[in-house]
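Trainee: Below you'll find the structure I mean.
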Amino acid sequence: MKRSANRTAIGPLSGTRRSPSTVKVAENIRRHYLAEQPAGPATEYLPGERELAERYGVARVTVRRALRKLTGEGLIRVEPGRGYRALPAANGLRPGSPVAYVVAIDPLIDVWTSTSLELSAAIQRVLVDLGWHALAMSSRDIAPEELPARLVQAGVWGVIMDTNNDRTRRALAASGRPCVCVDSFPGSLDIDCILQDNHGGARLAAEYLLDRGHRRIGWFGDVGRSDHSLERFTGAQAAFLKRGLELPRELIAEPADGGDAALDAAARTLLSRPDRPTAVLAMWTSHAVALARVARALGLEIGRDLDMVAWSTELGYRAQLEREFGAGRAPAAVIWNPEEMARLAVARLHWRLREPGMASLRITVPLRLIPAGSARG
């Protein structure tokens, strides 16, 4: 799309050449052409370098440097053969500008999960370091179609979404703002996503138990109910298959929906078997805590009668697992850091603002395994 021919000429016209700083020219371009950019997709092209040089009475090399500066700030992008195109909400990267962190709350739970709360806090810390802030939003009571208008009203320049609701994802993706998914899958949308290494972490956990000589290893948790659970289950299976083994099917325990009562019932069924497992993969913190609770009720001690590998954030390991088992007595755990996910998400979001047409990526946050009884390191 070409720049409108009847666009009003703004700024001083002069036949004399002056040498104001590149910063001053960039400020003039920002004020005259970018401050009133619409909220939707980028459509307007800036005048050419020659026209800008004449308008501001400077050399073309000064204009070129100013345009490079604005490109680096994510305010414009160059399109070969067409010129410099203003990005949507081009004034959105001013200090204090917000990024929306949108979470879809499960109506059956009605609260933010601990992981969502940790991610929200981590995103806020990362953005504050850069001079921006996070606007945390729950989409539970907002129709997906209303979300773009809310973002415009809030002056949001980018969206970090943690939701598997397809309507919500599509509405946010169509908002004209750069979007990235965190800890959730984008479905069929062409959007960047930053995820835990579900497959690699579960494989690491299974290899740990196999290396300790266990063969009757149970699986306590969902299998195919979510993308996360399916990736973790296939990761564990990969560790078995590599050694010519298979995760015992009779020891796969999938709790029904229903909160702690359902978790306890499934754990009791698994641990009450006459051929109960000698070790269990509990790839969610809540499942690990439930398994420990039921084991104690059955007179079993984790670490003596039953090995286990849990899954947690670094903070969750300290706040939940060490509190449940006692410092130095927690089971082995695969842990990850939401701060790393937040930094990757913000960096990718900023990059996408500058280069909207680049290919989407799936990026996984690395995990590590803490052996049983280890102090956090």
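How things are named: the first chain in the structure tokens is A, the next is B, and so on; residues count from 1 in each chain; ligands count from 1 in the order shown.
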Name the residues in contact with Glu314 (chain A) at a cut-off of 8 Å, using only C-alpha atoms, excluding same-chain residues fewer than 2 positions from it; report them as a PDB file with N, CA and C atoms, in the first residue's frame.
Mentor:
```pdb
ATOM      1  N   SER A 312       7.863 -29.164  39.302  1.00  0.00           N
ATOM      2  CA  SER A 312       7.526 -27.916  39.989  1.00  0.00           C
ATOM      3  C   SER A 312       8.329 -26.752  39.431  1.00  0.00           C
ATOM      4  N   GLY A 316       7.929 -23.172  43.674  1.00  0.00           N
ATOM      5  CA  GLY A 316       7.034 -24.216  44.151  1.00  0.00           C
ATOM      6  C   GLY A 316       7.764 -25.331  44.873  1.00  0.00           C
ATOM      7  N   TYR A 317       8.986 -25.615  44.435  1.00  0.00           N
ATOM      8  CA  TYR A 317       9.779 -26.650  45.105  1.00  0.00           C
ATOM      9  C   TYR A 317      10.033 -26.263  46.562  1.00  0.00           C
ATOM     10  N   ARG A 318      10.369 -24.978  46.759  1.00  0.00           N
ATOM     11  CA  ARG A 318      10.643 -24.532  48.121  1.00  0.00           C
ATOM     12  C   ARG A 318       9.360 -24.371  48.938  1.00  0.00           C
ATOM     13  N   ILE A 335      12.467 -29.251  37.835  1.00  0.00           N
ATOM     14  CA  ILE A 335      12.062 -27.873  38.133  1.00  0.00           C
ATOM     15  C   ILE A 335      12.409 -26.946  36.976  1.00  0.00           C
ATOM     16  N   TRP A 336      11.664 -25.838  36.903  1.00  0.00           N
ATOM     17  CA  TRP A 336      11.885 -24.825  35.872  1.00  0.00           C
ATOM     18  C   TRP A 336      11.654 -23.453  36.482  1.00  0.00           C
ATOM     19  N   ASN A 337      12.095 -22.418  35.765  1.00  0.00           N
ATOM     20  CA  ASN A 337      12.055 -21.059  36.294  1.00  0.00           C
ATOM     21  C   ASN A 337      11.147 -20.166  35.435  1.00  0.00           C
TER      22      ASN A 337
END
```
Trainee: Mind checking DSSP for region 45-192 of chain A and telling me the alpha helix (DSSP H) residues as a PyMOL selection string?
Mentor: chain A and resi 49-56+60-72+114-129+147-154+166-173
Trainee: Could you name the residues that touch region 62-64 of chain A at 10 Å or less, counting only C-alpha atoms, but leaving out those on the same chain fewer than 4 positions away, as a PDB file with N, CA and C atoms, in the first residue's frame?
Mentor:
```pdb
ATOM      1  N   SER A  19      22.390  20.792  10.407  1.00  0.00           N
ATOM      2  CA  SER A  19      22.858  19.497  10.899  1.00  0.00           C
ATOM      3  C   SER A  19      22.373  19.221  12.308  1.00  0.00           C
ATOM      4  N   PRO A  20      21.051  19.174  12.530  1.00  0.00           N
ATOM      5  CA  PRO A  20      20.572  18.785  13.851  1.00  0.00           C
ATOM      6  C   PRO A  20      20.929  17.330  14.107  1.00  0.00           C
ATOM      7  N   SER A  21      20.918  16.951  15.324  1.00  0.00           N
ATOM      8  CA  SER A  21      21.308  15.590  15.672  1.00  0.00           C
ATOM      9  C   SER A  21      20.323  14.579  15.114  1.00  0.00           C
ATOM     10  N   THR A  22      20.809  13.353  14.950  1.00  0.00           N
ATOM     11  CA  THR A  22      19.943  12.261  14.512  1.00  0.00           C
ATOM     12  C   THR A  22      18.777  12.085  15.472  1.00  0.00           C
ATOM     13  N   VAL A  23      19.048  12.237  16.765  1.00  0.00           N
ATOM     14  CA  VAL A  23      17.998  12.085  17.778  1.00  0.00           C
ATOM     15  C   VAL A  23      16.887  13.098  17.556  1.00  0.00           C
ATOM     16  N   LYS A  24      17.256  14.356  17.220  1.00  0.00           N
ATOM     17  CA  LYS A  24      16.256  15.392  17.006  1.00  0.00           C
ATOM     18  C   LYS A  24      15.380  15.073  15.800  1.00  0.00           C
ATOM     19  N   VAL A  25      15.989  14.586  14.725  1.00  0.00           N
ATOM     20  CA  VAL A  25      15.215  14.219  13.539  1.00  0.00           C
ATOM     21  C   VAL A  25      14.285  13.050  13.863  1.00  0.00           C
ATOM     22  N   ALA A  26      14.787  12.089  14.610  1.00  0.00           N
ATOM     23  CA  ALA A  26      13.949  10.945  14.994  1.00  0.00           C
ATOM     24  C   ALA A  26      12.766  11.413  15.835  1.00  0.00           C
ATOM     25  N   ILE A  29      10.172  13.009  13.513  1.00  0.00           N
ATOM     26  CA  ILE A  29       9.423  11.992  12.754  1.00  0.00           C
ATOM     27  C   ILE A  29       8.416  11.298  13.663  1.00  0.00           C
ATOM     28  N   GLY A  48       9.392   9.462   1.740  1.00  0.00           N
ATOM     29  CA  GLY A  48      10.708   8.943   1.402  1.00  0.00           C
ATOM     30  C   GLY A  48      11.818   9.740   2.057  1.00  0.00           C
ATOM     31  N   GLU A  49      13.012   9.194   2.023  1.00  0.00           N
ATOM     32  CA  GLU A  49      14.164   9.853   2.649  1.00  0.00           C
ATOM     33  C   GLU A  49      14.388  11.255   2.072  1.00  0.00           C
ATOM     34  N   ARG A  50      14.247  11.391   0.755  1.00  0.00           N
ATOM     35  CA  ARG A  50      14.486  12.694   0.128  1.00  0.00           C
ATOM     36  C   ARG A  50      13.478  13.728   0.623  1.00  0.00           C
ATOM     37  N   GLU A  51      12.199  13.339   0.677  1.00  0.00           N
ATOM     38  CA  GLU A  51      11.159  14.267   1.131  1.00  0.00           C
ATOM     39  C   GLU A  51      11.381  14.665   2.585  1.00  0.00           C
ATOM     40  N   LEU A  52      11.756  13.682   3.428  1.00  0.00           N
ATOM     41  CA  LEU A  52      12.010  13.986   4.836  1.00  0.00           C
ATOM     42  C   LEU A  52      13.218  14.907   4.980  1.00  0.00           C
ATOM     43  N   ALA A  53      14.247  14.654   4.173  1.00  0.00           N
ATOM     44  CA  ALA A  53      15.450  15.501   4.241  1.00  0.00           C
ATOM     45  C   ALA A  53      15.116  16.944   3.872  1.00  0.00           C
ATOM     46  N   GLU A  54      14.275  17.140   2.842  1.00  0.00           N
ATOM     47  CA  GLU A  54      13.882  18.493   2.443  1.00  0.00           C
ATOM     48  C   GLU A  54      13.006  19.138   3.507  1.00  0.00           C
ATOM     49  N   TYR A  56      12.927  18.632   6.744  1.00  0.00           N
ATOM     50  CA  TYR A  56      13.640  19.007   7.961  1.00  0.00           C
ATOM     51  C   TYR A  56      14.940  19.742   7.680  1.00  0.00           C
ATOM     52  N   GLY A  57      15.256  19.946   6.402  1.00  0.00           N
ATOM     53  CA  GLY A  57      16.444  20.703   6.058  1.00  0.00           C
ATOM     54  C   GLY A  57      17.723  20.034   6.493  1.00  0.00           C
ATOM     55  N   VAL A  58      17.818  18.735   6.292  1.00  0.00           N
ATOM     56  CA  VAL A  58      19.008  17.986   6.701  1.00  0.00           C
ATOM     57  C   VAL A  58      19.474  17.103   5.548  1.00  0.00           C
ATOM     58  N   ARG A  68      16.826   4.458  11.036  1.00  0.00           N
ATOM     59  CA  ARG A  68      17.402   3.249  11.625  1.00  0.00           C
ATOM     60  C   ARG A  68      17.140   3.218  13.133  1.00  0.00           C
ATOM     61  N   LYS A  69      17.246   4.377  13.760  1.00  0.00           N
ATOM     62  CA  LYS A  69      16.984   4.460  15.201  1.00  0.00           C
ATOM     63  C   LYS A  69      15.533   4.081  15.504  1.00  0.00           C
ATOM     64  N   LEU A  70      14.589   4.606  14.731  1.00  0.00           N
ATOM     65  CA  LEU A  70      13.170   4.319  14.951  1.00  0.00           C
ATOM     66  C   LEU A  70      12.855   2.856  14.652  1.00  0.00           C
TER      67      LEU A  70
END
```
Trainee: Would you mind listing what lies within 6 Å of region 220-232 of chain A as a ChimeraX atom specification, with only C-alpha atoms counted and same-chain residues fewer than 5 positions away left out?
Mentor: /A:198-199,202,253-254,282
Trainee: Please identify all polymer residues within 7 Å of region 113-127 of chain A, counting only C-alpha atoms, omitting same-chain residues fewer than 5 positions from it, and present them as a list in words.
Mentor: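 The neighbour list is Tyr101, Trp132, His133, Ala134, Ala136, Pro338, Glu339, Ala342 and Arg343 of chain A.
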Trainee: What's around Ala239 (chain A) at 9 Å? Count only C-alpha atoms, leave out sequence neighbours fewer than 3 positions away in its own chain, and write the answer as a VMD selection string.
Mentor: chain A and resid 202 to 207 210 234 to 236 242 to 243 245 to 246
Trainee: Interatomic distance between CA of Leu75 (chain A) and CA of Met358 (chain A)?
Mentor: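 One can read the CA of Leu75 (chain A) to CA of Met358 (chain A) distance as 16.0 Å.
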Trainee: List as a ChimeraX atom specification the protein and nucleic acid residues near Ala171 (chain A), meaning an atom at most 7 Å away when only C-alpha atoms are counted, but skip any in the same chain fewer than 3 places from it.
Mentor: /A:144-145,147-148,167-168,174-175
Trainee: Okay, now the selection with all heavy atoms, as a PDB file, in the first residue's frame?
Mentor:
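Contents of the output file result-v1.pdb:
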```pdb
ATOM      1  N   PRO A 144     -14.572 -12.910  24.483  1.00  0.00           N
ATOM      2  CA  PRO A 144     -13.348 -12.786  23.675  1.00  0.00           C
ATOM      3  C   PRO A 144     -13.389 -11.634  22.689  1.00  0.00           C
ATOM      4  O   PRO A 144     -12.386 -10.951  22.475  1.00  0.00           O
ATOM      5  CB  PRO A 144     -13.282 -14.145  22.960  1.00  0.00           C
ATOM      6  CG  PRO A 144     -13.967 -15.087  23.881  1.00  0.00           C
ATOM      7  CD  PRO A 144     -15.085 -14.291  24.497  1.00  0.00           C
ATOM      8  N   GLU A 145     -14.564 -11.386  22.098  1.00  0.00           N
ATOM      9  CA  GLU A 145     -14.675 -10.327  21.096  1.00  0.00           C
ATOM     10  C   GLU A 145     -14.507  -8.929  21.696  1.00  0.00           C
ATOM     11  O   GLU A 145     -14.264  -7.961  20.971  1.00  0.00           O
ATOM     12  CB  GLU A 145     -16.028 -10.420  20.390  1.00  0.00           C
ATOM     13  CG  GLU A 145     -16.216 -11.679  19.540  1.00  0.00           C
ATOM     14  CD  GLU A 145     -16.426 -12.945  20.369  1.00  0.00           C
ATOM     15  OE1 GLU A 145     -16.827 -12.825  21.555  1.00  0.00           O
ATOM     16  OE2 GLU A 145     -16.178 -14.034  19.830  1.00  0.00           O
ATOM     17  N   LEU A 147     -12.179  -8.250  24.029  1.00  0.00           N
ATOM     18  CA  LEU A 147     -10.799  -8.082  24.490  1.00  0.00           C
ATOM     19  C   LEU A 147     -10.006  -7.062  23.675  1.00  0.00           C
ATOM     20  O   LEU A 147      -9.298  -6.231  24.262  1.00  0.00           O
ATOM     21  CB  LEU A 147     -10.077  -9.436  24.488  1.00  0.00           C
ATOM     22  CG  LEU A 147     -10.455 -10.383  25.629  1.00  0.00           C
ATOM     23  CD1 LEU A 147      -9.873 -11.768  25.385  1.00  0.00           C
ATOM     24  CD2 LEU A 147      -9.971  -9.843  26.961  1.00  0.00           C
ATOM     25  N   PRO A 148     -10.073  -7.064  22.318  1.00  0.00           N
ATOM     26  CA  PRO A 148      -9.292  -6.067  21.573  1.00  0.00           C
ATOM     27  C   PRO A 148      -9.604  -4.632  21.988  1.00  0.00           C
ATOM     28  O   PRO A 148      -8.695  -3.803  22.123  1.00  0.00           O
ATOM     29  CB  PRO A 148      -9.682  -6.335  20.116  1.00  0.00           C
ATOM     30  CG  PRO A 148     -10.031  -7.789  20.089  1.00  0.00           C
ATOM     31  CD  PRO A 148     -10.721  -8.032  21.408  1.00  0.00           C
ATOM     32  N   ARG A 167     -11.268 -19.237  21.073  1.00  0.00           N
ATOM     33  CA  ARG A 167     -11.910 -17.957  20.755  1.00  0.00           C
ATOM     34  C   ARG A 167     -11.095 -16.797  21.308  1.00  0.00           C
ATOM     35  O   ARG A 167     -10.906 -15.774  20.651  1.00  0.00           O
ATOM     36  CB  ARG A 167     -13.322 -17.918  21.338  1.00  0.00           C
ATOM     37  CG  ARG A 167     -14.364 -18.673  20.541  1.00  0.00           C
ATOM     38  CD  ARG A 167     -15.707 -18.575  21.214  1.00  0.00           C
ATOM     39  NE  ARG A 167     -16.182 -17.201  21.298  1.00  0.00           N
ATOM     40  CZ  ARG A 167     -17.073 -16.776  22.183  1.00  0.00           C
ATOM     41  NH1 ARG A 167     -17.572 -17.619  23.087  1.00  0.00           N
ATOM     42  NH2 ARG A 167     -17.461 -15.511  22.186  1.00  0.00           N
ATOM     43  N   THR A 168     -10.596 -16.966  22.532  1.00  0.00           N
ATOM     44  CA  THR A 168      -9.791 -15.916  23.153  1.00  0.00           C
ATOM     45  C   THR A 168      -8.492 -15.714  22.389  1.00  0.00           C
ATOM     46  O   THR A 168      -8.083 -14.581  22.103  1.00  0.00           O
ATOM     47  CB  THR A 168      -9.499 -16.259  24.615  1.00  0.00           C
ATOM     48  OG1 THR A 168     -10.730 -16.359  25.333  1.00  0.00           O
ATOM     49  CG2 THR A 168      -8.612 -15.215  25.265  1.00  0.00           C
ATOM     50  N   ALA A 174      -6.058 -11.182  16.541  1.00  0.00           N
ATOM     51  CA  ALA A 174      -6.612 -10.248  15.549  1.00  0.00           C
ATOM     52  C   ALA A 174      -6.646  -8.809  16.055  1.00  0.00           C
ATOM     53  O   ALA A 174      -7.174  -7.927  15.377  1.00  0.00           O
ATOM     54  CB  ALA A 174      -8.027 -10.697  15.169  1.00  0.00           C
ATOM     55  N   SER A 175      -6.071  -8.561  17.229  1.00  0.00           N
ATOM     56  CA  SER A 175      -6.159  -7.229  17.839  1.00  0.00           C
ATOM     57  C   SER A 175      -5.230  -6.205  17.208  1.00  0.00           C
ATOM     58  O   SER A 175      -5.324  -5.020  17.495  1.00  0.00           O
ATOM     59  CB  SER A 175      -5.845  -7.328  19.338  1.00  0.00           C
ATOM     60  OG  SER A 175      -4.480  -7.657  19.543  1.00  0.00           O
TER      61      SER A 175
END
```
Trainee: With only C-alpha atoms as the atoms that count, which of A:Val346, A:Ile194, A:Ala288, A:Leu367 lies nearest to Gln320 (chain A)?
Mentor: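 Distance minimum relative to Gln320 (chain A) lands on A:Ala288.
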